[in-house]
Amino acid sequence: MAGLEQHGDGGHRRRVVLFSLPFHGHLNPMLKLAALLHARGLGVTVLHTCFNAPDPARHPELAFVPIHETLPDEATSPDSDILRKLLALNAACEAAFRAALASLLRGGRRDVACAVVDGQCYAAMGAAGELGVPALALRTDSAAAFRNMLAGPQLRDAGYVPIKEEQLDEPVPGLEPLRVRDLIRVDGRDTDEHCSFVASVAGAVRASVSGIVINTFEAIEAAELAKIQRELSLPAFAVGPLHLLLGQPPPVEQSLHEPDRGCLAWLDARPPRSVLYVSLGSLARVDRGAFEEMAWGLAGSGVPFLWVVRPGSVAGGAAGAGAGAAADEAPPLPDGFEEEVRDRGKIVKWAPQREVLAHAAIGAFWTHCGWNSTLESICEGVPMLVQPCFADQMVTARYVTHEWGVGLEVGEEVVERGMVAKAVREAMAGGGGARMRERAHRLQMQASAAATSSAMDGLVRFILSL
Ligand code: UDP
């Protein structure tokens with residue numbers, strides 16, 4: 001990167017220390033950011049948990065240092081929900097992260113320009129601050145979802161949370177187009193615990209962070225980004241879509257499971273835009289009833305589909321291959337389902353998702369609206385069917401359907417086979433689907449334009465100024 005001053009006092013590369021929580025959807029964007037910063041002349045050290053550790057062999061240019069955390073079961077068990085995991089990880093990583101960062105600093109404080117830490121890891125933000133290292137928070141969700149988190153304490157004071165049934169369809173002032181039902185939530189969780197997590201993140205960002213890095217782009221979230229900068233009086237760098245900036249093929253992708261590449265050959269034999277791709281990401285779980293409705297809805301739609309049925313993705317005891325099932329065993333499909341869809345359904349445990357979405361045979365994506373999946377769909381111009389499960393997915397689903405107009409809801413609150421079949425047919429062959437496809441194509445163009453933008457250079461200049 002010509003023209004940028006990359007060296008510290010001693011003539012060494014300035015170094016950035018990165019730390020992500022060990023979730024697939026957090027670690028991958030962080031590693032992409034690492035590669036992009038390194039390509040712009042910065043030294044990069046990735047601190048990481050031993051659990052779900054990245055594979056250093058895939059990134060020879062980066063330095064990797066484990067933090068040697070001790071994690072309780074609830075941080076890692078597929079049976080604990082996302083909130084319990086986040087709380088447990090924050091608690092367990094704080095001292096280990098601080099010790100690892102302190103040890104790096106002994107090698108030369110001036111060489112370390114800053115730490116870029118997971119935007120959900122308030123413990124790391126605080127620890128970096130205590131050690132005198134400027135911290136940047138990497139948000140791997142959307143700017144809109146981040147605004148929802150920042151507003152958490154005010155939403156509580158204004159009576160919008162805990163969420164009340166009678167308010168579900170009310171717009172939330174200051175967070176439009178969100179309605180109460182779209183606010184970040186984790187169903188079945190103690191509200192106080194959720195509020196306190198949100199307050200910890202918002203508090204740490206306000207107290208300990210020098211800037212925000214967000215895997216989004218101006219064309220889709222300009223207003224949200226401007227509000228974040230104004231509300232926090234901090235710079236917010238919209239450096240996304242990170243996977244586009246990095247280019248193809250994805251050299252730094254960590255995979256949760258071995259992708260089943262056979263599905264690409266299966267897609268090769270299908271006509272353009274004829275297949276619905278179905279995946280709810282790396283963490284979401286549905287109960288057995290919803291899973292069966294999904295299956296029979298797909299069968300009833302008559303549409304060819306590629307469905308990721310991930311091990312552990314169905315909750316609810318042995319019948320759902322939940323508790324007691326082998327960790328790599330996919331949940332059993334409903335009786336008679338495979339016979340019914342044999343000629344037009346392909347089921348895999350894990351797909352090479354980006355290649356799937358880029359395949360000409362894909363007509364739409366039934367997604368949980370995880371932010372990575374949503375961005376990947378936008379970047380390929382693929383319209384969506386949305387089934388948000390928890391947390392920021394609710395916010396993103398609202399933007400996909402109502403702000404960007406590139407998605408339809410699979411159903412209301414409950415997944416029901418008749419509605420599923422109808423929504424699938426509409427997305428693939430109806431007038432609504434055609435309009436969404438046109439808009440998705442426009443967003444795709446805007447995403448490509450963003451991938452050549454200067455936001456990343458701005459971030460590097462900012463880092464070097466710290
Ligand atoms: N993914 C994949 N293969 C699959 C399912 C998901 O490669 O079969 C990837 C997907 O491309 C995305 C990530 O897993 O990059 C999921 O991240 P997202 O933020 O969408 O959801 P999360 O897993 O965090 O809920």
# chains A, B, ... in the order shown; residues from 1 in each chain; ligands from 1
>>> closest_atom_pairs(of="chain A", to="ligand 1", cutoff="10 Å", atoms="only C-alpha atoms and all ligand atoms", output="JSON lines")
{"residue": "A:Phe23", "atom": "CA", "partner": "ligand 1", "partner_atom_place_in_ligand_line": "24 (O)", "distance": 6.9}
{"residue": "A:His24", "atom": "CA", "partner": "ligand 1", "partner_atom_place_in_ligand_line": "23 (O)", "distance": 6.1}
{"residue": "A:Gly25", "atom": "CA", "partner": "ligand 1", "partner_atom_place_in_ligand_line": "24 (O)", "distance": 3.9}
{"residue": "A:His26", "atom": "CA", "partner": "ligand 1", "partner_atom_place_in_ligand_line": "24 (O)", "distance": 6.9}
{"residue": "A:Leu27", "atom": "CA", "partner": "ligand 1", "partner_atom_place_in_ligand_line": "24 (O)", "distance": 9.6}
{"residue": "A:Asn28", "atom": "CA", "partner": "ligand 1", "partner_atom_place_in_ligand_line": "15 (O)", "distance": 7.3}
{"residue": "A:Pro29", "atom": "CA", "partner": "ligand 1", "partner_atom_place_in_ligand_line": "15 (O)", "distance": 8.4}
{"residue": "A:Ile82", "atom": "CA", "partner": "ligand 1", "partner_atom_place_in_ligand_line": "25 (O)", "distance": 9.6}
{"residue": "A:Thr140", "atom": "CA", "partner": "ligand 1", "partner_atom_place_in_ligand_line": "19 (O)", "distance": 7.5}
{"residue": "A:Asp141", "atom": "CA", "partner": "ligand 1", "partner_atom_place_in_ligand_line": "19 (O)", "distance": 7.4}
{"residue": "A:His243", "atom": "CA", "partner": "ligand 1", "partner_atom_place_in_ligand_line": "15 (O)", "distance": 9.1}
{"residue": "A:Glu253", "atom": "CA", "partner": "ligand 1", "partner_atom_place_in_ligand_line": "7 (O)", "distance": 8.4}
{"residue": "A:Gln254", "atom": "CA", "partner": "ligand 1", "partner_atom_place_in_ligand_line": "7 (O)", "distance": 8.7}
{"residue": "A:Ser255", "atom": "CA", "partner": "ligand 1", "partner_atom_place_in_ligand_line": "7 (O)", "distance": 6.6}
{"residue": "A:Leu256", "atom": "CA", "partner": "ligand 1", "partner_atom_place_in_ligand_line": "14 (O)", "distance": 7.7}
{"residue": "A:His257", "atom": "CA", "partner": "ligand 1", "partner_atom_place_in_ligand_line": "3 (N)", "distance": 8.0}
{"residue": "A:Glu258", "atom": "CA", "partner": "ligand 1", "partner_atom_place_in_ligand_line": "3 (N)", "distance": 8.9}
{"residue": "A:Pro259", "atom": "CA", "partner": "ligand 1", "partner_atom_place_in_ligand_line": "3 (N)", "distance": 6.6}
{"residue": "A:Asp260", "atom": "CA", "partner": "ligand 1", "partner_atom_place_in_ligand_line": "8 (O)", "distance": 8.4}
{"residue": "A:Tyr277", "atom": "CA", "partner": "ligand 1", "partner_atom_place_in_ligand_line": "8 (O)", "distance": 9.8}
{"residue": "A:Val278", "atom": "CA", "partner": "ligand 1", "partner_atom_place_in_ligand_line": "8 (O)", "distance": 8.8}
{"residue": "A:Ser279", "atom": "CA", "partner": "ligand 1", "partner_atom_place_in_ligand_line": "5 (C)", "distance": 5.8}
{"residue": "A:Leu280", "atom": "CA", "partner": "ligand 1", "partner_atom_place_in_ligand_line": "5 (C)", "distance": 6.8}
{"residue": "A:Gly281", "atom": "CA", "partner": "ligand 1", "partner_atom_place_in_ligand_line": "23 (O)", "distance": 3.9}
{"residue": "A:Ser282", "atom": "CA", "partner": "ligand 1", "partner_atom_place_in_ligand_line": "23 (O)", "distance": 3.4}
{"residue": "A:Leu283", "atom": "CA", "partner": "ligand 1", "partner_atom_place_in_ligand_line": "25 (O)", "distance": 4.9}
{"residue": "A:Ala284", "atom": "CA", "partner": "ligand 1", "partner_atom_place_in_ligand_line": "25 (O)", "distance": 5.9}
{"residue": "A:Arg285", "atom": "CA", "partner": "ligand 1", "partner_atom_place_in_ligand_line": "25 (O)", "distance": 9.7}
{"residue": "A:Trp307", "atom": "CA", "partner": "ligand 1", "partner_atom_place_in_ligand_line": "8 (O)", "distance": 8.5}
{"residue": "A:Val308", "atom": "CA", "partner": "ligand 1", "partner_atom_place_in_ligand_line": "8 (O)", "distance": 5.4}
{"residue": "A:Val309", "atom": "CA", "partner": "ligand 1", "partner_atom_place_in_ligand_line": "8 (O)", "distance": 8.0}
{"residue": "A:Arg310", "atom": "CA", "partner": "ligand 1", "partner_atom_place_in_ligand_line": "8 (O)", "distance": 7.2}
{"residue": "A:Val348", "atom": "CA", "partner": "ligand 1", "partner_atom_place_in_ligand_line": "8 (O)", "distance": 7.7}
{"residue": "A:Lys349", "atom": "CA", "partner": "ligand 1", "partner_atom_place_in_ligand_line": "8 (O)", "distance": 6.6}
{"residue": "A:Trp350", "atom": "CA", "partner": "ligand 1", "partner_atom_place_in_ligand_line": "8 (O)", "distance": 3.5}
{"residue": "A:Ala351", "atom": "CA", "partner": "ligand 1", "partner_atom_place_in_ligand_line": "8 (O)", "distance": 3.7}
{"residue": "A:Pro352", "atom": "CA", "partner": "ligand 1", "partner_atom_place_in_ligand_line": "7 (O)", "distance": 4.9}
{"residue": "A:Gln353", "atom": "CA", "partner": "ligand 1", "partner_atom_place_in_ligand_line": "7 (O)", "distance": 4.3}
{"residue": "A:Arg354", "atom": "CA", "partner": "ligand 1", "partner_atom_place_in_ligand_line": "11 (O)", "distance": 5.5}
{"residue": "A:Glu355", "atom": "CA", "partner": "ligand 1", "partner_atom_place_in_ligand_line": "7 (O)", "distance": 8.8}
{"residue": "A:Val356", "atom": "CA", "partner": "ligand 1", "partner_atom_place_in_ligand_line": "3 (N)", "distance": 8.9}
{"residue": "A:Leu357", "atom": "CA", "partner": "ligand 1", "partner_atom_place_in_ligand_line": "11 (O)", "distance": 8.9}
{"residue": "A:Thr367", "atom": "CA", "partner": "ligand 1", "partner_atom_place_in_ligand_line": "20 (O)", "distance": 8.0}
{"residue": "A:His368", "atom": "CA", "partner": "ligand 1", "partner_atom_place_in_ligand_line": "20 (O)", "distance": 7.3}
{"residue": "A:Cys369", "atom": "CA", "partner": "ligand 1", "partner_atom_place_in_ligand_line": "20 (O)", "distance": 6.2}
{"residue": "A:Gly370", "atom": "CA", "partner": "ligand 1", "partner_atom_place_in_ligand_line": "20 (O)", "distance": 3.4}
{"residue": "A:Trp371", "atom": "CA", "partner": "ligand 1", "partner_atom_place_in_ligand_line": "19 (O)", "distance": 4.3}
{"residue": "A:Asn372", "atom": "CA", "partner": "ligand 1", "partner_atom_place_in_ligand_line": "19 (O)", "distance": 3.8}
{"residue": "A:Ser373", "atom": "CA", "partner": "ligand 1", "partner_atom_place_in_ligand_line": "20 (O)", "distance": 3.6}
{"residue": "A:Thr374", "atom": "CA", "partner": "ligand 1", "partner_atom_place_in_ligand_line": "20 (O)", "distance": 6.3}
{"residue": "A:Leu375", "atom": "CA", "partner": "ligand 1", "partner_atom_place_in_ligand_line": "20 (O)", "distance": 8.1}
{"residue": "A:Glu376", "atom": "CA", "partner": "ligand 1", "partner_atom_place_in_ligand_line": "11 (O)", "distance": 6.9}
{"residue": "A:Ser377", "atom": "CA", "partner": "ligand 1", "partner_atom_place_in_ligand_line": "11 (O)", "distance": 9.1}
{"residue": "A:Pro388", "atom": "CA", "partner": "ligand 1", "partner_atom_place_in_ligand_line": "25 (O)", "distance": 9.6}
{"residue": "A:Cys389", "atom": "CA", "partner": "ligand 1", "partner_atom_place_in_ligand_line": "25 (O)", "distance": 8.8}
{"residue": "A:Phe390", "atom": "CA", "partner": "ligand 1", "partner_atom_place_in_ligand_line": "25 (O)", "distance": 8.9}
{"residue": "A:Ala391", "atom": "CA", "partner": "ligand 1", "partner_atom_place_in_ligand_line": "25 (O)", "distance": 9.4}
{"residue": "A:Asp392", "atom": "CA", "partner": "ligand 1", "partner_atom_place_in_ligand_line": "25 (O)", "distance": 9.4}
{"residue": "A:Gln393", "atom": "CA", "partner": "ligand 1", "partner_atom_place_in_ligand_line": "25 (O)", "distance": 8.1}
>>> select_by_dssp(residues="segment 181-236 of chain A", states="strand (DSSP E or B)", output="ChimeraX atom specification")
/A:209-214,236
>>> atom_distance(atom1="atom CA of Gly363 of chain A", atom2="atom CA of Glu340 of chain A")
21.5 Å
>>> residues_around(residues="Leu104 of chain A", least_positions_apart="3", cutoff="12 Å", atoms="only C-alpha atoms", output="ChimeraX atom specification")
/A:15-18,44-47,63-67,97-101,107-115,128,131,133
>>> closest_residue(among="A:Leu138, A:Ile184, A:Ala75, A:Leu89", to="Met394 of chain A", atoms="only C-alpha atoms")
A:Ile184
>>> select_by_dssp(residues="segment 254-466 of chain A", states="alpha helix (DSSP H)", output="PyMOL selection string")
chain A and resi 262-268+288-301+337-341+353-358+371-379+392-398+417-429+431-450+455-465
>>> closest_residue(among="A:Pro241, A:Asp192, A:Ala102, A:Leu71", to="Thr452 of chain A", atoms="only C-alpha atoms")
A:Pro241
>>> residues_around(residues="Glu380 of chain A", least_positions_apart="6", cutoff="8 Å", atoms="only C-alpha atoms", output="list of chain:residue names")
A:Leu357, A:Ala358, A:His441, A:Gln444
>>> closest_residue(among="A:Met436, A:Ala423, A:Leu105, A:Leu136", to="Ser20 of chain A", atoms="only C-alpha atoms")
A:Leu136
>>> decode(residues="segment 440-452 of chain A", atoms="N, CA and C atoms", output="mmCIF file, in the first residue's frame")
data_model
loop_
_atom_site.group_PDB
_atom_site.id
_atom_site.type_symbol
_atom_site.label_atom_id
_atom_site.label_comp_id
_atom_site.auth_asym_id
_atom_site.auth_seq_id
_atom_site.Cartn_x
_atom_site.Cartn_y
_atom_site.Cartn_z
ATOM 1 N N ALA A 440 -32.265 -7.505 -5.873
ATOM 2 C CA ALA A 440 -31.067 -8.206 -5.397
ATOM 3 C C ALA A 440 -29.915 -7.988 -6.372
ATOM 4 N N HIS A 441 -30.237 -7.936 -7.648
ATOM 5 C CA HIS A 441 -29.200 -7.712 -8.658
ATOM 6 C C HIS A 441 -28.591 -6.312 -8.478
ATOM 7 N N ARG A 442 -29.458 -5.336 -8.178
ATOM 8 C CA ARG A 442 -28.938 -3.966 -7.954
ATOM 9 C C ARG A 442 -28.023 -3.932 -6.724
ATOM 10 N N LEU A 443 -28.444 -4.603 -5.657
ATOM 11 C CA LEU A 443 -27.594 -4.631 -4.455
ATOM 12 C C LEU A 443 -26.262 -5.324 -4.748
ATOM 13 N N GLN A 444 -26.341 -6.347 -5.591
ATOM 14 C CA GLN A 444 -25.106 -7.068 -5.949
ATOM 15 C C GLN A 444 -24.104 -6.109 -6.607
ATOM 16 N N MET A 445 -24.619 -5.270 -7.506
ATOM 17 C CA MET A 445 -23.749 -4.299 -8.184
ATOM 18 C C MET A 445 -23.139 -3.332 -7.163
ATOM 19 N N GLN A 446 -23.979 -2.901 -6.217
ATOM 20 C CA GLN A 446 -23.493 -1.953 -5.210
ATOM 21 C C GLN A 446 -22.445 -2.604 -4.301
ATOM 22 N N ALA A 447 -22.656 -3.880 -4.005
ATOM 23 C CA ALA A 447 -21.682 -4.591 -3.169
ATOM 24 C C ALA A 447 -20.342 -4.697 -3.892
ATOM 25 N N SER A 448 -20.384 -4.993 -5.191
ATOM 26 C CA SER A 448 -19.125 -5.094 -5.952
ATOM 27 C C SER A 448 -18.413 -3.753 -5.957
ATOM 28 N N ALA A 449 -19.186 -2.680 -6.102
ATOM 29 C CA ALA A 449 -18.568 -1.347 -6.117
ATOM 30 C C ALA A 449 -17.935 -1.059 -4.755
ATOM 31 N N ALA A 450 -18.600 -1.498 -3.676
ATOM 32 C CA ALA A 450 -18.068 -1.234 -2.330
ATOM 33 C C ALA A 450 -16.761 -1.979 -2.109
ATOM 34 N N ALA A 451 -16.633 -3.130 -2.751
ATOM 35 C CA ALA A 451 -15.443 -3.946 -2.528
ATOM 36 C C ALA A 451 -14.188 -3.309 -3.108
ATOM 37 N N THR A 452 -14.338 -2.271 -3.892
ATOM 38 C CA THR A 452 -13.151 -1.583 -4.399
ATOM 39 C C THR A 452 -13.015 -0.220 -3.710
#
